[in-house]
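Visitor: Once you've had a glance at the structure underneath, I'll fire off some questions.
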Amino acid sequence: MKKKIYVLLLVTLIVFSFGCQKEDKYSKYTRIAILSNEETNNSKILFMDDEHTVIYELESEYVDEVVYFNDKLFIGNDKNNYQTIDCINIAFSEDIYVKEGRLLYYLENGSYAVYLDGKCNVFDAGGNKKELEGYLLNYLVTRDYFYMVDYSNYLYCYSISDFSLLSKNQLFNSEYISLTEVEGKSYIVSSKGFTLIDQGKATETYVYPYDFNDVLNVKKDIIVVRENNEQVIYRVSFDEHRMKLEPIYDEIYYINIYFDEVFAEYYKLGYTVVYYGEK
């Protein structure tokens with residue numbers, strides 16, 4: 001009798017544990033689109049796979065301002081008030097208020113940065129404003145640092161905790177300059193290669209193993225180049241000594257996406273795409 005009770009209890013615990021497992025929503029989608037309808041004052045937030053099949057859908061009031069950062073969407077329509085969407089759990093979270101400027105990023109400690117009159121301005125949790133040096137070209141936010149490149153090719157490194165300037169360094173000249181993060185490390189992306197940033201300073205450069213006509217774009221570990229006058233896309237990785245480029249042949253990266261065709265059923269209802277991107 002005791003054995004039967006034990007078996008029944010064991011089965012009950014197994015069923016209960018499976019029932020309490022958190023659904024892994026994040027791995028089920030790869031793309032996010034936001035479509036807005038001005039007439040109905042309504043927006044659709046779509047989480048989709050590579051074939052644009054909608055996996056999850058949220059609704060909100062009219063949206064035309066969108067910032068994607070650290071697996072969160074910040075959406076709004078007046079440049080001051082934003083709703084936050086947790087893109088891991090696919091749910092609305094806290095609302096935030098931005099005093100002025102166009103939101104660049106927002107941190108959980110209540111501080112945030114905005115683009116204002118060509119420059120980056122930061123606000124701490126108490127609402128105190130600080131204008132950063134230089135005119136903003138591009139930027140990168142990591143766990144500890146806020147990196148910024150200005151139009152004079154200076155790299156600024158600020159502490160993310162109090163926005164104190166840790167270093168300022170003149171960069172090399174390049175036809176293309178951007179910032180990205182690969183496998184937890186920060187890099188300057190230029191026409192010559194990926195230059196590692198260590199504690200705010202440019203260090204060793206990993207040169208491209210192939211010759212390109214132009215570097216067109218970079219996002220995380222994906223780089224888009226023009227090679228032999230054709231667009232080619234690579235995934236970037238590194239070993240101990242060199243950069244490795246793995247060609248990406250997935251058609252989704254090469255096609256021209258015509259939103260009115262991909263989202264035809266929404267366009268017929270008066271919606272238009274205001275944001276589209278990978279997670």
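Please note that chains go A, B, ... in the order of the structure tokens, that every chain numbers its residues from 1, and that ligands are numbered from 1 in the order shown.
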Need to verify the contact set: segment 243-258 of chain A, 10 Å, only C-alpha atoms, exclusion of same-chain residues closer than 5 positions in sequence. Can you return it as a ChimeraX atom specification?
Guide: /A:50-51,193-194,205-210,221-224,231-238,263-264
Visitor: Skipping near chain neighbours, those fewer than 3 positions away, what residues fall within 10 Å of Glu175 of chain A using only C-alpha atoms, listed as a compact mmCIF listing (two decimals) with N, CA and C atoms, in the first residue's frame?
Guide:
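Dumped everything to selection_6.txt:
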```txt
# COMPACT_ATOMS: atom_id res chain seq x y z
N SER A 190 35.08 49.21 -38.71
CA SER A 190 35.60 50.17 -39.69
C SER A 190 35.79 49.48 -41.03
N SER A 191 36.32 50.22 -41.97
CA SER A 191 36.57 49.66 -43.31
C SER A 191 37.68 48.64 -43.29
N LYS A 192 38.52 48.67 -42.25
CA LYS A 192 39.66 47.75 -42.21
C LYS A 192 39.38 46.48 -41.40
N ASP A 214 32.86 47.80 -50.01
CA ASP A 214 32.33 48.69 -48.97
C ASP A 214 31.76 47.86 -47.83
N VAL A 215 31.80 48.43 -46.64
CA VAL A 215 31.01 47.91 -45.53
C VAL A 215 29.71 48.71 -45.51
```
Visitor: Quick one: pull the distance between atom CA of Leu140 of chain A and atom CA of Thr203 of chain A, Å, one decimal.
Guide: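 Between these atoms lies a distance of 16.9 Å.
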Visitor: Counting only C-alpha atoms, figure out which residue out of A:Lys44, A:Asn138, A:Gly200, A:Ile34 gets nearest to Ile177 of chain A.
Guide: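 The shortest atom-to-atom distance to Ile177 of chain A comes from A:Asn138.
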Visitor: What is the atom CA of Asn153 of chain A to atom CA of Gln170 of chain A distance in Å?
Guide: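 Computing it gives 6.1 Å between the two atoms.
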Visitor: In Å, with one decimal, what is the gap from atom CA of Glu39 of chain A to atom CA of Ile75 of chain A?
Guide: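 Separation between atom CA of Glu39 of chain A and atom CA of Ile75 of chain A: 18.2 Å.
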Visitor: Counting only C-alpha atoms, which residue out of A:Ser178, A:Ser111, A:Asn173, A:Thr53 sits closest to Tyr29 of chain A?
Guide: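 The closest residue to Tyr29 of chain A is A:Thr53.
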Visitor: Which one of A:Gly270, A:Gly134, A:Gly118, A:Gly184 sits closest to Val149 of chain A if you count only C-alpha atoms?
Guide: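 Counting only C-alpha atoms, the residue closest to Val149 of chain A is A:Gly134.
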Visitor: Using only C-alpha atoms, which of A:Thr142, A:Thr272, A:Ser27, A:Asn109 sits nearest Ile88 of chain A?
Guide: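 Of the candidates, the smallest distance to Ile88 of chain A is held by A:Ser27.
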Visitor: Can you pull out every residue within 10 Å of Ala91 of chain A, counting only C-alpha atoms, but drop anything in the same chain fewer than 4 positions away, and send it as number ranges by chain?
Guide: A: 57-58, 72, 84-87
Visitor: Taking 6 positions as the minimum chain separation for residues in the same chain, which residues sit within 12 Å of Ile90 of chain A when counting only C-alpha atoms? Answer as a list of chain:residue names.
Guide: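 With the cut-off at 12 Å, the set is A:Glu23, A:Asp24, A:Lys25, A:Tyr26, A:Ser27, A:Lys28, A:Tyr29, A:Ile32, A:Ile45, A:Leu46, A:Phe47, A:Met48, A:Ile55, A:Tyr56, A:Glu57, A:Leu58, A:Glu59, A:Asp71, A:Lys72, A:Leu73, A:Thr84, A:Lys279.
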Visitor: Those residues with N, CA and C atoms, as a PDB file, in the first residue's frame please?
Guide:
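Okay, this is what ended up in result00.pdb:
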```pdb
ATOM      1  N   GLU A  23       6.805  29.092 -20.005  1.00  0.00           N
ATOM      2  CA  GLU A  23       6.826  28.945 -21.453  1.00  0.00           C
ATOM      3  C   GLU A  23       7.970  29.756 -22.053  1.00  0.00           C
ATOM      4  N   ASP A  24       8.732  29.119 -22.933  1.00  0.00           N
ATOM      5  CA  ASP A  24       9.844  29.792 -23.589  1.00  0.00           C
ATOM      6  C   ASP A  24       9.319  30.502 -24.830  1.00  0.00           C
ATOM      7  N   LYS A  25       8.850  31.715 -24.641  1.00  0.00           N
ATOM      8  CA  LYS A  25       8.291  32.473 -25.756  1.00  0.00           C
ATOM      9  C   LYS A  25       9.384  33.070 -26.639  1.00  0.00           C
ATOM     10  N   TYR A  26      10.507  33.398 -26.047  1.00  0.00           N
ATOM     11  CA  TYR A  26      11.554  34.139 -26.747  1.00  0.00           C
ATOM     12  C   TYR A  26      12.096  33.373 -27.948  1.00  0.00           C
ATOM     13  N   SER A  27      12.236  32.053 -27.811  1.00  0.00           N
ATOM     14  CA  SER A  27      12.845  31.266 -28.886  1.00  0.00           C
ATOM     15  C   SER A  27      11.884  30.998 -30.037  1.00  0.00           C
ATOM     16  N   LYS A  28      10.626  31.334 -29.872  1.00  0.00           N
ATOM     17  CA  LYS A  28       9.628  30.972 -30.880  1.00  0.00           C
ATOM     18  C   LYS A  28       9.482  32.013 -31.990  1.00  0.00           C
ATOM     19  N   TYR A  29      10.096  33.163 -31.830  1.00  0.00           N
ATOM     20  CA  TYR A  29       9.978  34.192 -32.861  1.00  0.00           C
ATOM     21  C   TYR A  29      11.351  34.778 -33.156  1.00  0.00           C
ATOM     22  N   ILE A  32      10.173  41.245 -35.308  1.00  0.00           N
ATOM     23  CA  ILE A  32       9.146  42.064 -34.661  1.00  0.00           C
ATOM     24  C   ILE A  32       8.720  43.153 -35.631  1.00  0.00           C
ATOM     25  N   ILE A  45       1.376  44.985 -32.417  1.00  0.00           N
ATOM     26  CA  ILE A  45       2.767  44.598 -32.212  1.00  0.00           C
ATOM     27  C   ILE A  45       2.851  43.110 -32.510  1.00  0.00           C
ATOM     28  N   LEU A  46       3.562  42.751 -33.582  1.00  0.00           N
ATOM     29  CA  LEU A  46       3.592  41.384 -34.077  1.00  0.00           C
ATOM     30  C   LEU A  46       4.954  40.750 -33.825  1.00  0.00           C
ATOM     31  N   PHE A  47       4.939  39.564 -33.260  1.00  0.00           N
ATOM     32  CA  PHE A  47       6.147  38.774 -33.048  1.00  0.00           C
ATOM     33  C   PHE A  47       6.060  37.574 -33.991  1.00  0.00           C
ATOM     34  N   MET A  48       7.030  37.454 -34.934  1.00  0.00           N
ATOM     35  CA  MET A  48       6.884  36.530 -36.049  1.00  0.00           C
ATOM     36  C   MET A  48       8.127  35.653 -36.227  1.00  0.00           C
ATOM     37  N   ILE A  55       3.416  34.752 -34.392  1.00  0.00           N
ATOM     38  CA  ILE A  55       3.440  33.831 -33.257  1.00  0.00           C
ATOM     39  C   ILE A  55       2.696  34.438 -32.069  1.00  0.00           C
ATOM     40  N   TYR A  56       2.957  35.710 -31.805  1.00  0.00           N
ATOM     41  CA  TYR A  56       2.285  36.439 -30.724  1.00  0.00           C
ATOM     42  C   TYR A  56       1.871  37.812 -31.239  1.00  0.00           C
ATOM     43  N   GLU A  57       0.819  38.350 -30.676  1.00  0.00           N
ATOM     44  CA  GLU A  57       0.342  39.667 -31.087  1.00  0.00           C
ATOM     45  C   GLU A  57      -0.155  40.442 -29.863  1.00  0.00           C
ATOM     46  N   LEU A  58       0.276  41.697 -29.767  1.00  0.00           N
ATOM     47  CA  LEU A  58      -0.214  42.614 -28.742  1.00  0.00           C
ATOM     48  C   LEU A  58      -0.852  43.817 -29.416  1.00  0.00           C
ATOM     49  N   GLU A  59      -1.700  44.527 -28.689  1.00  0.00           N
ATOM     50  CA  GLU A  59      -2.331  45.749 -29.202  1.00  0.00           C
ATOM     51  C   GLU A  59      -2.054  46.905 -28.261  1.00  0.00           C
ATOM     52  N   ASP A  71      16.315  43.672 -25.304  1.00  0.00           N
ATOM     53  CA  ASP A  71      15.132  42.805 -25.332  1.00  0.00           C
ATOM     54  C   ASP A  71      13.886  43.484 -24.772  1.00  0.00           C
ATOM     55  N   LYS A  72      13.834  44.794 -24.959  1.00  0.00           N
ATOM     56  CA  LYS A  72      12.625  45.545 -24.598  1.00  0.00           C
ATOM     57  C   LYS A  72      12.282  46.517 -25.717  1.00  0.00           C
ATOM     58  N   LEU A  73      10.986  46.706 -25.914  1.00  0.00           N
ATOM     59  CA  LEU A  73      10.484  47.717 -26.836  1.00  0.00           C
ATOM     60  C   LEU A  73       9.937  48.881 -26.042  1.00  0.00           C
ATOM     61  N   THR A  84       6.386  50.158 -22.171  1.00  0.00           N
ATOM     62  CA  THR A  84       7.479  49.205 -22.299  1.00  0.00           C
ATOM     63  C   THR A  84       6.915  47.808 -22.515  1.00  0.00           C
ATOM     64  N   LYS A 279      14.829  40.493 -33.483  1.00  0.00           N
ATOM     65  CA  LYS A 279      14.871  40.666 -32.024  1.00  0.00           C
ATOM     66  C   LYS A 279      16.303  40.857 -31.555  1.00  0.00           C
TER      67      LYS A 279
END
```
Visitor: Determine which residues of segment 19-146 of chain A receive a DSSP assignment of strand (DSSP E), computed from the backbone, and state them as number ranges by chain.
Guide: A: 31-37, 42-48, 54-61, 65-69, 72-76, 81-86, 91-97, 102-106, 112-116, 119-123, 129-131, 136-141, 145-146
Visitor: Just the residues within 9 Å of Lys201 of chain A, please, counting only C-alpha atoms, with nothing from its chain fewer than 5 positions along; format it as a list of chain:residue names.
Guide: A:Leu155, A:Tyr156, A:Cys157, A:Ser167, A:Lys168, A:Asn169, A:Leu196
